[in-house]
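Asks: This is entry_34.cif, which holds mmCIF, C-alpha atoms:
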```cif
data_model
loop_
_atom_site.label_atom_id
_atom_site.label_comp_id
_atom_site.auth_asym_id
_atom_site.auth_seq_id
_atom_site.Cartn_x
_atom_site.Cartn_y
_atom_site.Cartn_z
CA MET A 1 86.64 45.46 89.08
CA VAL A 2 86.01 41.75 88.47
CA PHE A 3 88.27 39.58 86.35
CA LEU A 4 86.95 36.66 84.35
CA CYS A 5 89.26 33.70 83.92
CA ARG A 6 88.79 30.27 82.39
CA ALA A 7 90.06 27.19 84.19
CA ARG A 8 91.66 24.96 81.58
CA ALA A 9 91.30 21.65 83.41
CA GLU A 10 87.62 22.02 84.30
CA ASN A 11 86.55 24.15 81.35
CA THR A 12 84.46 26.29 83.74
CA ILE A 13 84.30 30.00 84.27
CA ARG A 14 85.45 31.39 87.61
CA TYR A 15 85.28 34.88 88.92
CA ALA A 16 88.16 36.33 90.91
CA ARG A 17 88.62 39.69 92.55
CA PRO A 18 92.02 41.34 92.22
CA LEU A 19 94.07 41.15 95.41
CA ILE A 20 94.97 44.62 96.61
CA VAL A 21 98.14 44.57 98.66
CA PRO A 22 99.22 47.80 100.34
CA PRO A 23 102.77 48.84 99.56
CA PRO A 24 105.29 48.03 102.30
CA LEU A 25 106.04 50.81 104.74
CA PRO A 26 109.36 52.53 104.18
CA THR A 27 111.96 51.59 106.76
CA ALA A 28 111.56 54.87 108.64
CA GLY A 29 107.74 54.57 108.65
CA ARG A 30 107.92 50.96 109.79
CA SER A 31 110.12 51.81 112.76
CA ILE A 32 107.81 54.67 113.78
CA TYR A 33 104.80 52.34 113.46
CA MET A 34 106.44 49.58 115.53
CA ALA A 35 107.58 52.10 118.14
CA ALA A 36 103.99 53.32 118.44
CA ILE A 37 102.76 49.76 118.94
CA HIS A 38 105.38 48.99 121.58
CA ALA A 39 104.75 52.29 123.33
CA SER A 40 101.05 51.50 123.59
CA ILE A 41 101.44 48.03 125.09
CA PRO A 42 102.08 49.11 128.71
CA ILE A 43 99.00 51.35 128.61
CA GLY A 44 96.63 48.54 127.70
CA SER A 45 95.58 45.50 129.65
CA PRO A 46 97.92 42.56 130.26
CA MET A 47 97.40 39.47 128.13
CA VAL A 48 94.79 37.10 129.54
CA GLN A 49 95.45 33.39 129.34
CA PRO A 50 92.54 31.37 127.90
CA ASP A 51 92.43 29.28 131.09
CA ASP A 52 91.37 32.41 132.97
CA LEU A 53 88.04 32.49 131.08
CA SER A 54 85.48 29.71 130.89
CA GLN A 55 83.29 31.12 128.08
CA LEU A 56 85.38 33.12 125.58
CA GLY A 57 86.74 30.88 122.86
CA ARG A 58 84.76 27.92 124.15
CA ASP A 59 81.40 26.33 123.43
CA ALA A 60 79.32 28.16 126.04
CA ARG A 61 75.54 28.18 126.27
CA PRO A 62 73.35 30.75 128.03
CA ALA A 63 72.41 29.89 131.59
CA ALA A 64 68.82 28.91 132.40
CA SER A 65 68.41 32.06 134.53
CA PRO A 66 70.30 35.26 135.38
CA ASP A 67 71.08 33.87 138.84
CA GLU A 68 73.00 30.97 137.25
CA ALA A 69 74.81 33.13 134.66
CA VAL A 70 78.49 33.91 135.21
CA LEU A 71 79.83 37.37 134.38
CA GLU A 72 83.55 37.08 133.74
CA THR A 73 86.06 39.91 133.91
CA VAL A 74 89.53 40.64 132.58
CA PRO A 75 92.24 42.90 134.04
CA TYR A 76 92.40 46.55 133.02
CA ARG A 77 94.93 49.31 133.67
CA ARG A 78 93.29 52.67 133.20
CA GLY A 79 96.39 54.87 133.41
CA ALA A 80 96.52 58.55 134.27
CA GLY A 81 93.95 61.17 133.43
CA ALA A 82 90.19 61.04 133.20
CA PRO A 83 88.66 57.55 133.19
CA ALA A 84 87.42 55.99 129.96
CA ILE A 85 83.73 55.31 129.47
CA VAL A 86 82.85 51.92 128.00
CA ARG A 87 79.45 51.49 126.36
CA PHE A 88 77.54 48.29 125.67
CA THR A 89 74.32 48.48 123.65
CA CYS A 90 71.83 45.63 123.54
CA PRO A 91 69.01 46.63 121.17
CA GLU A 92 67.20 43.28 121.41
CA PHE A 93 67.07 42.49 125.13
CA THR A 94 64.24 40.08 125.94
CA SER A 95 62.57 38.91 129.14
CA LEU A 96 59.14 37.65 130.16
CA CYS A 97 56.32 39.37 131.99
CA PRO A 98 56.18 37.64 135.40
CA VAL A 99 52.36 37.67 135.38
CA THR A 100 51.31 36.86 131.82
CA GLY A 101 54.45 35.13 130.51
CA GLN A 102 54.34 37.40 127.44
CA PRO A 103 57.70 38.51 126.01
CA ASP A 104 59.01 41.99 126.79
CA PHE A 105 61.61 43.73 124.63
CA ALA A 106 64.04 46.50 125.52
CA HIS A 107 66.93 48.49 124.15
CA LEU A 108 69.59 48.54 126.91
CA VAL A 109 72.45 51.04 126.98
CA ILE A 110 75.14 50.42 129.61
CA ASP A 111 77.88 52.98 130.26
CA TYR A 112 80.59 52.34 132.82
CA ALA A 113 83.97 53.69 133.88
CA PRO A 114 86.13 50.63 134.59
CA ASP A 115 88.69 50.69 137.37
CA GLU A 116 90.73 47.47 137.52
CA ARG A 117 88.39 45.00 135.77
CA LEU A 118 86.52 44.96 132.45
CA VAL A 119 83.46 42.82 131.88
CA GLU A 120 84.23 40.22 129.23
CA SER A 121 81.76 40.84 126.42
CA LYS A 122 80.87 37.23 125.53
CA SER A 123 79.98 36.49 129.15
CA LEU A 124 77.90 39.71 129.17
CA LYS A 125 76.07 38.57 126.04
CA LEU A 126 75.33 35.18 127.60
CA PHE A 127 74.23 36.86 130.83
CA LEU A 128 71.81 39.14 128.96
CA THR A 129 70.51 36.16 126.96
CA SER A 130 69.75 34.32 130.22
CA PHE A 131 66.88 36.79 130.79
CA ARG A 132 65.06 35.41 127.74
CA ASN A 133 63.04 32.92 129.82
CA HIS A 134 63.18 34.91 133.06
CA GLY A 135 60.01 36.45 134.44
CA ALA A 136 60.53 39.90 135.97
CA PHE A 137 59.20 43.42 135.62
CA HIS A 138 61.05 45.98 133.49
CA GLU A 139 62.42 47.84 136.49
CA ASP A 140 63.80 44.69 138.11
CA CYS A 141 65.46 43.45 134.92
CA THR A 142 67.16 46.77 134.20
CA VAL A 143 68.49 47.33 137.72
CA THR A 144 69.56 43.68 138.07
CA VAL A 145 71.73 43.95 134.95
CA GLY A 146 73.39 47.10 136.30
CA ARG A 147 73.95 45.70 139.79
CA ARG A 148 75.45 42.45 138.50
CA ILE A 149 77.99 44.31 136.35
CA VAL A 150 78.90 46.50 139.34
CA GLU A 151 79.28 43.41 141.52
CA ALA A 152 81.57 41.72 138.97
CA THR A 153 83.76 44.66 137.90
CA LYS A 154 83.62 47.15 140.80
CA PRO A 155 83.78 50.09 138.38
CA LEU A 156 84.36 53.72 139.23
CA TRP A 157 80.87 54.43 137.93
CA LEU A 158 78.04 52.81 135.96
CA ARG A 159 74.70 53.84 134.52
CA ILE A 160 72.15 51.81 132.63
CA GLY A 161 69.17 52.91 130.57
CA GLY A 162 66.46 50.37 129.82
CA TYR A 163 64.21 51.62 127.01
CA TRP A 164 61.31 49.15 126.97
CA TYR A 165 59.01 48.78 124.00
CA PRO A 166 55.33 49.31 124.85
CA ARG A 167 52.92 46.60 125.75
CA GLY A 168 49.43 47.67 126.69
CA GLY A 169 50.13 51.06 125.13
CA ILE A 170 52.70 52.28 127.70
CA PRO A 171 56.45 52.31 127.10
CA ILE A 172 58.52 52.17 130.28
CA ASP A 173 62.04 53.62 130.48
CA VAL A 174 64.16 52.65 133.49
CA PHE A 175 67.38 54.43 134.56
CA TRP A 176 69.84 53.49 137.29
CA GLN A 177 73.34 54.61 138.13
CA THR A 178 75.81 54.18 140.96
CA GLY A 179 76.21 57.92 141.66
CA PRO A 180 77.63 61.03 139.98
CA ALA A 181 79.84 60.44 136.95
CA PRO A 182 83.59 60.83 137.55
CA GLU A 183 84.93 64.31 136.92
CA GLY A 184 86.35 64.98 133.48
CA VAL A 185 84.83 62.02 131.62
CA TYR A 186 83.29 62.35 128.17
CA LEU A 187 79.75 61.11 128.62
CA PRO A 188 77.67 61.06 125.42
CA ASP A 189 73.90 60.96 125.40
CA GLN A 190 72.56 57.42 125.32
CA GLY A 191 71.10 58.14 121.92
CA VAL A 192 67.69 56.52 122.34
CA PRO A 193 64.86 58.97 121.58
CA PRO A 194 61.62 58.92 123.60
CA TYR A 195 59.07 56.51 122.18
CA ARG A 196 56.75 58.26 119.74
CA GLY A 197 54.93 55.39 118.08
CA ARG A 198 54.08 56.09 114.45
CA GLY A 199 53.52 59.81 115.02
#
```
Would you mind writing the structure in this file as structure tokens?

Replies:
Amino acid sequence: MVFLCRARAENTIRYARPLIVPPPLPTAGRSIYMAAIHASIPIGSPMVQPDDLSQLGRDARPAASPDEAVLETVPYRRGAGAPAIVRFTCPEFTSLCPVTGQPDFAHLVIDYAPDERLVESKSLKLFLTSFRNHGAFHEDCTVTVGRRIVEATKPLWLRIGGYWYPRGGIPIDVFWQTGPAPEGVYLPDQGVPPYRGRG
């Protein structure tokens, strides 16, 4: 619902949306809510001071090449039970063909089970962007991304799927993982169907 009001001083019409404010929690509900928040704090990661990171919250530009890019990590406490699986999806990954200099495009799906370190997502984004002017074959790009994340985070497990869009009529899909997935993890399908063109 939109309200119409007239500003007296300016004699102009302004539109305003009604402000919807949720009712306050009853005292009992508030204490249960706060207890749930406090109970969850030890399970999560400790607070990271901004000085620990050089890219997040700062004016950071992509590196000129993947070799110069810095992947930053933050602490993580995984707790008891089966490890969590973290997924990053990059549907517009770009690199260059090392022979022709033509752009190549891929849909990357990265799944990993962190142990003590998480990859910081802004640094990951800048790292992936650093491939934009980098000449390498599909296989090399895909495996390099996976290996660099493993090197930075030392996860329990990682897999990467690189689903490359066709050039010259042939799509290339590249898969790499560190080994068998940890027992008991929920591991969804990567969700990228085989390339079928317009058929």

Asks: Apply the PyMOL selection byres ((chain A and resi 144-158) around 9) to the file shown and report the selected residues as a PyMOL selection string.

Replies: chain A and resi 66+71-74+83+85+110-119+124+127-128+139-143+159-160+176-182

Asks: As a PyMOL selection string, please: the residues near Arg196 of chain A (cut-off 12 Å, only C-alpha atoms, same-chain neighbours under 3 positions excluded).

Replies: chain A and resi 165-166+169-171+192-193+199

Asks: Name the residues that the PyMOL selection byres ((chain A and resi 62) around 12) pulls out of this structure, and write them as a list in words.

Replies: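 Applying the expression gives Gln55, Asp59, Ala60, Arg61, Ala63, Ala64, Ser65, Pro66, Asp67, Glu68, Ala69, Val70, Leu71, Lys122, Ser123, Leu124, Lys125, Leu126, Phe127, Leu128, Thr129, Ser130, Phe131, Arg132 and Asn133 of chain A.
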
Asks: Grab the residues selected above and save them as a PDB file, keeping the file's coordinate frame with C-alpha atoms.

Replies:
```pdb
ATOM      1  CA  GLN A  55      83.290  31.120 128.080  1.00  0.00           C
ATOM      2  CA  ASP A  59      81.400  26.330 123.430  1.00  0.00           C
ATOM      3  CA  ALA A  60      79.320  28.160 126.040  1.00  0.00           C
ATOM      4  CA  ARG A  61      75.540  28.180 126.270  1.00  0.00           C
ATOM      5  CA  ALA A  63      72.410  29.890 131.590  1.00  0.00           C
ATOM      6  CA  ALA A  64      68.820  28.910 132.400  1.00  0.00           C
ATOM      7  CA  SER A  65      68.410  32.060 134.530  1.00  0.00           C
ATOM      8  CA  PRO A  66      70.300  35.260 135.380  1.00  0.00           C
ATOM      9  CA  ASP A  67      71.080  33.870 138.840  1.00  0.00           C
ATOM     10  CA  GLU A  68      73.000  30.970 137.250  1.00  0.00           C
ATOM     11  CA  ALA A  69      74.810  33.130 134.660  1.00  0.00           C
ATOM     12  CA  VAL A  70      78.490  33.910 135.210  1.00  0.00           C
ATOM     13  CA  LEU A  71      79.830  37.370 134.380  1.00  0.00           C
ATOM     14  CA  LYS A 122      80.870  37.230 125.530  1.00  0.00           C
ATOM     15  CA  SER A 123      79.980  36.490 129.150  1.00  0.00           C
ATOM     16  CA  LEU A 124      77.900  39.710 129.170  1.00  0.00           C
ATOM     17  CA  LYS A 125      76.070  38.570 126.040  1.00  0.00           C
ATOM     18  CA  LEU A 126      75.330  35.180 127.600  1.00  0.00           C
ATOM     19  CA  PHE A 127      74.230  36.860 130.830  1.00  0.00           C
ATOM     20  CA  LEU A 128      71.810  39.140 128.960  1.00  0.00           C
ATOM     21  CA  THR A 129      70.510  36.160 126.960  1.00  0.00           C
ATOM     22  CA  SER A 130      69.750  34.320 130.220  1.00  0.00           C
ATOM     23  CA  PHE A 131      66.880  36.790 130.790  1.00  0.00           C
ATOM     24  CA  ARG A 132      65.060  35.410 127.740  1.00  0.00           C
ATOM     25  CA  ASN A 133      63.040  32.920 129.820  1.00  0.00           C
TER      26      ASN A 133
END
```

Asks: Could you work out how far atom CA of Phe93 of chain A lies from atom CA of Tyr186 of chain A, giving the answer in Å with one decimal?

Replies: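 According to the coordinates, atom CA of Tyr186 of chain A and atom CA of Phe93 of chain A are separated by 25.8 Å.
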
Asks: Ranking A:Gln102, A:Glu183, A:Pro91, A:His107 by minimum distance to Gly168 of chain A and counting all atoms listed in the file, which one comes first?

Replies: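 Counting all atoms listed in the file, the residue closest to Gly168 of chain A is A:Gln102.
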
Asks: Would you mind reading off the distance between atom CA of Thr100 of chain A and atom CA of Asp173 of chain A, one decimal, in Å?

Replies: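 Going from atom CA of Thr100 of chain A over to atom CA of Asp173 of chain A, I get 19.9 Å.
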
Asks: Between atom CA of Gln190 of chain A and atom CA of Thr89 of chain A, what is the distance in Å, rounded to a tenth?

Replies: 9.3 Å

Asks: Pull out segment 63-186 of chain A, keep C-alpha atoms, and write it as a PDB file, in the first residue's frame.

Replies:
```pdb
ATOM      1  CA  ALA A  63      45.809  -8.671  -8.866  1.00  0.00           C
ATOM      2  CA  ALA A  64      47.345  -8.636 -12.350  1.00  0.00           C
ATOM      3  CA  SER A  65      47.672 -12.440 -12.282  1.00  0.00           C
ATOM      4  CA  PRO A  66      46.633 -15.409 -10.123  1.00  0.00           C
ATOM      5  CA  ASP A  67      50.236 -15.779  -8.934  1.00  0.00           C
ATOM      6  CA  GLU A  68      50.113 -12.278  -7.424  1.00  0.00           C
ATOM      7  CA  ALA A  69      46.625 -12.691  -5.888  1.00  0.00           C
ATOM      8  CA  VAL A  70      46.356 -13.210  -2.131  1.00  0.00           C
ATOM      9  CA  LEU A  71      43.804 -15.652  -0.732  1.00  0.00           C
ATOM     10  CA  GLU A  72      43.030 -14.663   2.841  1.00  0.00           C
ATOM     11  CA  THR A  73      41.535 -16.907   5.488  1.00  0.00           C
ATOM     12  CA  VAL A  74      39.690 -16.495   8.770  1.00  0.00           C
ATOM     13  CA  PRO A  75      39.572 -18.844  11.776  1.00  0.00           C
ATOM     14  CA  TYR A  76      36.870 -21.507  11.991  1.00  0.00           C
ATOM     15  CA  ARG A  77      35.822 -23.918  14.728  1.00  0.00           C
ATOM     16  CA  ARG A  78      33.914 -26.795  13.220  1.00  0.00           C
ATOM     17  CA  GLY A  79      32.711 -28.443  16.428  1.00  0.00           C
ATOM     18  CA  ALA A  80      31.624 -32.039  16.874  1.00  0.00           C
ATOM     19  CA  GLY A  81      29.849 -34.209  14.358  1.00  0.00           C
ATOM     20  CA  ALA A  82      30.089 -34.420  10.601  1.00  0.00           C
ATOM     21  CA  PRO A  83      31.949 -31.561   8.903  1.00  0.00           C
ATOM     22  CA  ALA A  84      30.053 -28.799   7.139  1.00  0.00           C
ATOM     23  CA  ILE A  85      30.318 -28.397   3.381  1.00  0.00           C
ATOM     24  CA  VAL A  86      30.808 -24.845   2.122  1.00  0.00           C
ATOM     25  CA  ARG A  87      29.940 -24.081  -1.495  1.00  0.00           C
ATOM     26  CA  PHE A  88      31.110 -21.195  -3.655  1.00  0.00           C
ATOM     27  CA  THR A  89      29.580 -20.751  -7.108  1.00  0.00           C
ATOM     28  CA  CYS A  90      31.141 -18.513  -9.735  1.00  0.00           C
ATOM     29  CA  PRO A  91      28.868 -18.567 -12.813  1.00  0.00           C
ATOM     30  CA  GLU A  92      30.907 -15.988 -14.745  1.00  0.00           C
ATOM     31  CA  PHE A  93      34.526 -17.117 -14.381  1.00  0.00           C
ATOM     32  CA  THR A  94      36.691 -15.744 -17.192  1.00  0.00           C
ATOM     33  CA  SER A  95      40.200 -16.461 -18.454  1.00  0.00           C
ATOM     34  CA  LEU A  96      42.037 -16.260 -21.771  1.00  0.00           C
ATOM     35  CA  CYS A  97      43.040 -18.963 -24.201  1.00  0.00           C
ATOM     36  CA  PRO A  98      46.856 -19.131 -23.953  1.00  0.00           C
ATOM     37  CA  VAL A  99      47.191 -19.592 -27.727  1.00  0.00           C
ATOM     38  CA  THR A 100      44.625 -17.288 -29.317  1.00  0.00           C
ATOM     39  CA  GLY A 101      44.035 -14.791 -26.491  1.00  0.00           C
ATOM     40  CA  GLN A 102      40.274 -15.288 -26.916  1.00  0.00           C
ATOM     41  CA  PRO A 103      38.165 -15.168 -23.737  1.00  0.00           C
ATOM     42  CA  ASP A 104      36.989 -18.416 -22.143  1.00  0.00           C
ATOM     43  CA  PHE A 105      34.012 -18.585 -19.792  1.00  0.00           C
ATOM     44  CA  ALA A 106      33.175 -21.129 -17.117  1.00  0.00           C
ATOM     45  CA  HIS A 107      30.727 -21.864 -14.339  1.00  0.00           C
ATOM     46  CA  LEU A 108      32.823 -22.930 -11.319  1.00  0.00           C
ATOM     47  CA  VAL A 109      31.377 -24.803  -8.351  1.00  0.00           C
ATOM     48  CA  ILE A 110      33.690 -25.216  -5.352  1.00  0.00           C
ATOM     49  CA  ASP A 111      32.725 -27.435  -2.410  1.00  0.00           C
ATOM     50  CA  TYR A 112      34.990 -27.809   0.593  1.00  0.00           C
ATOM     51  CA  ALA A 113      34.905 -29.093   4.155  1.00  0.00           C
ATOM     52  CA  PRO A 114      36.821 -26.532   6.230  1.00  0.00           C
ATOM     53  CA  ASP A 115      38.944 -27.629   9.154  1.00  0.00           C
ATOM     54  CA  GLU A 116      40.463 -24.671  11.020  1.00  0.00           C
ATOM     55  CA  ARG A 117      40.406 -21.955   8.328  1.00  0.00           C
ATOM     56  CA  LEU A 118      37.733 -20.527   6.005  1.00  0.00           C
ATOM     57  CA  VAL A 119      38.599 -18.754   2.786  1.00  0.00           C
ATOM     58  CA  GLU A 120      37.515 -15.122   3.039  1.00  0.00           C
ATOM     59  CA  SER A 121      35.020 -14.593   0.231  1.00  0.00           C
ATOM     60  CA  LYS A 122      36.123 -11.133  -0.974  1.00  0.00           C
ATOM     61  CA  SER A 123      39.706 -12.350  -1.378  1.00  0.00           C
ATOM     62  CA  LEU A 124      38.334 -15.387  -3.253  1.00  0.00           C
ATOM     63  CA  LYS A 125      36.373 -13.103  -5.567  1.00  0.00           C
ATOM     64  CA  LEU A 126      39.467 -10.999  -6.266  1.00  0.00           C
ATOM     65  CA  PHE A 127      41.536 -14.150  -6.799  1.00  0.00           C
ATOM     66  CA  LEU A 128      39.030 -15.503  -9.334  1.00  0.00           C
ATOM     67  CA  THR A 129      38.898 -12.107 -11.063  1.00  0.00           C
ATOM     68  CA  SER A 130      42.697 -12.167 -11.454  1.00  0.00           C
ATOM     69  CA  PHE A 131      42.250 -14.917 -14.078  1.00  0.00           C
ATOM     70  CA  ARG A 132      40.476 -12.461 -16.384  1.00  0.00           C
ATOM     71  CA  ASN A 133      43.696 -11.542 -18.212  1.00  0.00           C
ATOM     72  CA  HIS A 134      45.493 -14.815 -17.509  1.00  0.00           C
ATOM     73  CA  GLY A 135      46.239 -17.191 -20.370  1.00  0.00           C
ATOM     74  CA  ALA A 136      45.806 -20.860 -19.446  1.00  0.00           C
ATOM     75  CA  PHE A 137      43.898 -23.905 -20.629  1.00  0.00           C
ATOM     76  CA  HIS A 138      40.610 -24.877 -18.969  1.00  0.00           C
ATOM     77  CA  GLU A 139      42.146 -27.781 -17.084  1.00  0.00           C
ATOM     78  CA  ASP A 140      44.968 -25.672 -15.659  1.00  0.00           C
ATOM     79  CA  CYS A 141      42.661 -22.859 -14.534  1.00  0.00           C
ATOM     80  CA  THR A 142      40.235 -25.197 -12.784  1.00  0.00           C
ATOM     81  CA  VAL A 143      42.873 -27.223 -10.943  1.00  0.00           C
ATOM     82  CA  THR A 144      44.872 -24.102 -10.031  1.00  0.00           C
ATOM     83  CA  VAL A 145      41.831 -22.579  -8.310  1.00  0.00           C
ATOM     84  CA  GLY A 146      41.282 -25.771  -6.312  1.00  0.00           C
ATOM     85  CA  ARG A 147      44.936 -26.183  -5.333  1.00  0.00           C
ATOM     86  CA  ARG A 148      45.280 -22.555  -4.206  1.00  0.00           C
ATOM     87  CA  ILE A 149      42.255 -22.844  -1.905  1.00  0.00           C
ATOM     88  CA  VAL A 150      43.668 -26.076  -0.462  1.00  0.00           C
ATOM     89  CA  GLU A 151      47.048 -24.408   0.056  1.00  0.00           C
ATOM     90  CA  ALA A 152      45.454 -21.448   1.866  1.00  0.00           C
ATOM     91  CA  THR A 153      42.866 -23.221   4.034  1.00  0.00           C
ATOM     92  CA  LYS A 154      44.149 -26.804   4.447  1.00  0.00           C
ATOM     93  CA  PRO A 155      40.592 -28.159   4.413  1.00  0.00           C
ATOM     94  CA  LEU A 156      39.476 -31.662   5.308  1.00  0.00           C
ATOM     95  CA  TRP A 157      38.348 -32.051   1.707  1.00  0.00           C
ATOM     96  CA  LEU A 158      37.719 -30.024  -1.455  1.00  0.00           C
ATOM     97  CA  ARG A 159      36.288 -30.608  -4.903  1.00  0.00           C
ATOM     98  CA  ILE A 160      35.910 -28.229  -7.807  1.00  0.00           C
ATOM     99  CA  GLY A 161      33.874 -28.542 -10.978  1.00  0.00           C
ATOM    100  CA  GLY A 162      34.741 -26.289 -13.908  1.00  0.00           C
ATOM    101  CA  TYR A 163      31.924 -26.274 -16.463  1.00  0.00           C
ATOM    102  CA  TRP A 164      33.387 -24.449 -19.463  1.00  0.00           C
ATOM    103  CA  TYR A 165      31.230 -22.960 -22.181  1.00  0.00           C
ATOM    104  CA  PRO A 166      32.051 -24.259 -25.663  1.00  0.00           C
ATOM    105  CA  ARG A 167      34.406 -22.618 -28.069  1.00  0.00           C
ATOM    106  CA  GLY A 168      35.032 -24.412 -31.323  1.00  0.00           C
ATOM    107  CA  GLY A 169      31.940 -26.513 -30.674  1.00  0.00           C
ATOM    108  CA  ILE A 170      33.311 -28.517 -27.703  1.00  0.00           C
ATOM    109  CA  PRO A 171      32.405 -27.822 -24.081  1.00  0.00           C
ATOM    110  CA  ILE A 172      35.028 -28.991 -21.592  1.00  0.00           C
ATOM    111  CA  ASP A 173      34.140 -29.943 -18.004  1.00  0.00           C
ATOM    112  CA  VAL A 174      37.009 -30.307 -15.532  1.00  0.00           C
ATOM    113  CA  PHE A 175      36.744 -31.990 -12.105  1.00  0.00           C
ATOM    114  CA  TRP A 176      39.332 -32.207  -9.338  1.00  0.00           C
ATOM    115  CA  GLN A 177      39.164 -33.183  -5.692  1.00  0.00           C
ATOM    116  CA  THR A 178      41.576 -33.888  -2.877  1.00  0.00           C
ATOM    117  CA  GLY A 179      40.297 -37.427  -2.186  1.00  0.00           C
ATOM    118  CA  PRO A 180      37.175 -39.149  -0.855  1.00  0.00           C
ATOM    119  CA  ALA A 181      34.634 -36.912   0.871  1.00  0.00           C
ATOM    120  CA  PRO A 182      34.584 -37.109   4.685  1.00  0.00           C
ATOM    121  CA  GLU A 183      32.198 -39.667   6.107  1.00  0.00           C
ATOM    122  CA  GLY A 184      28.754 -38.427   7.059  1.00  0.00           C
ATOM    123  CA  VAL A 185      28.752 -35.133   5.136  1.00  0.00           C
ATOM    124  CA  TYR A 186      25.767 -33.933   3.135  1.00  0.00           C
TER     125      TYR A 186
END
```
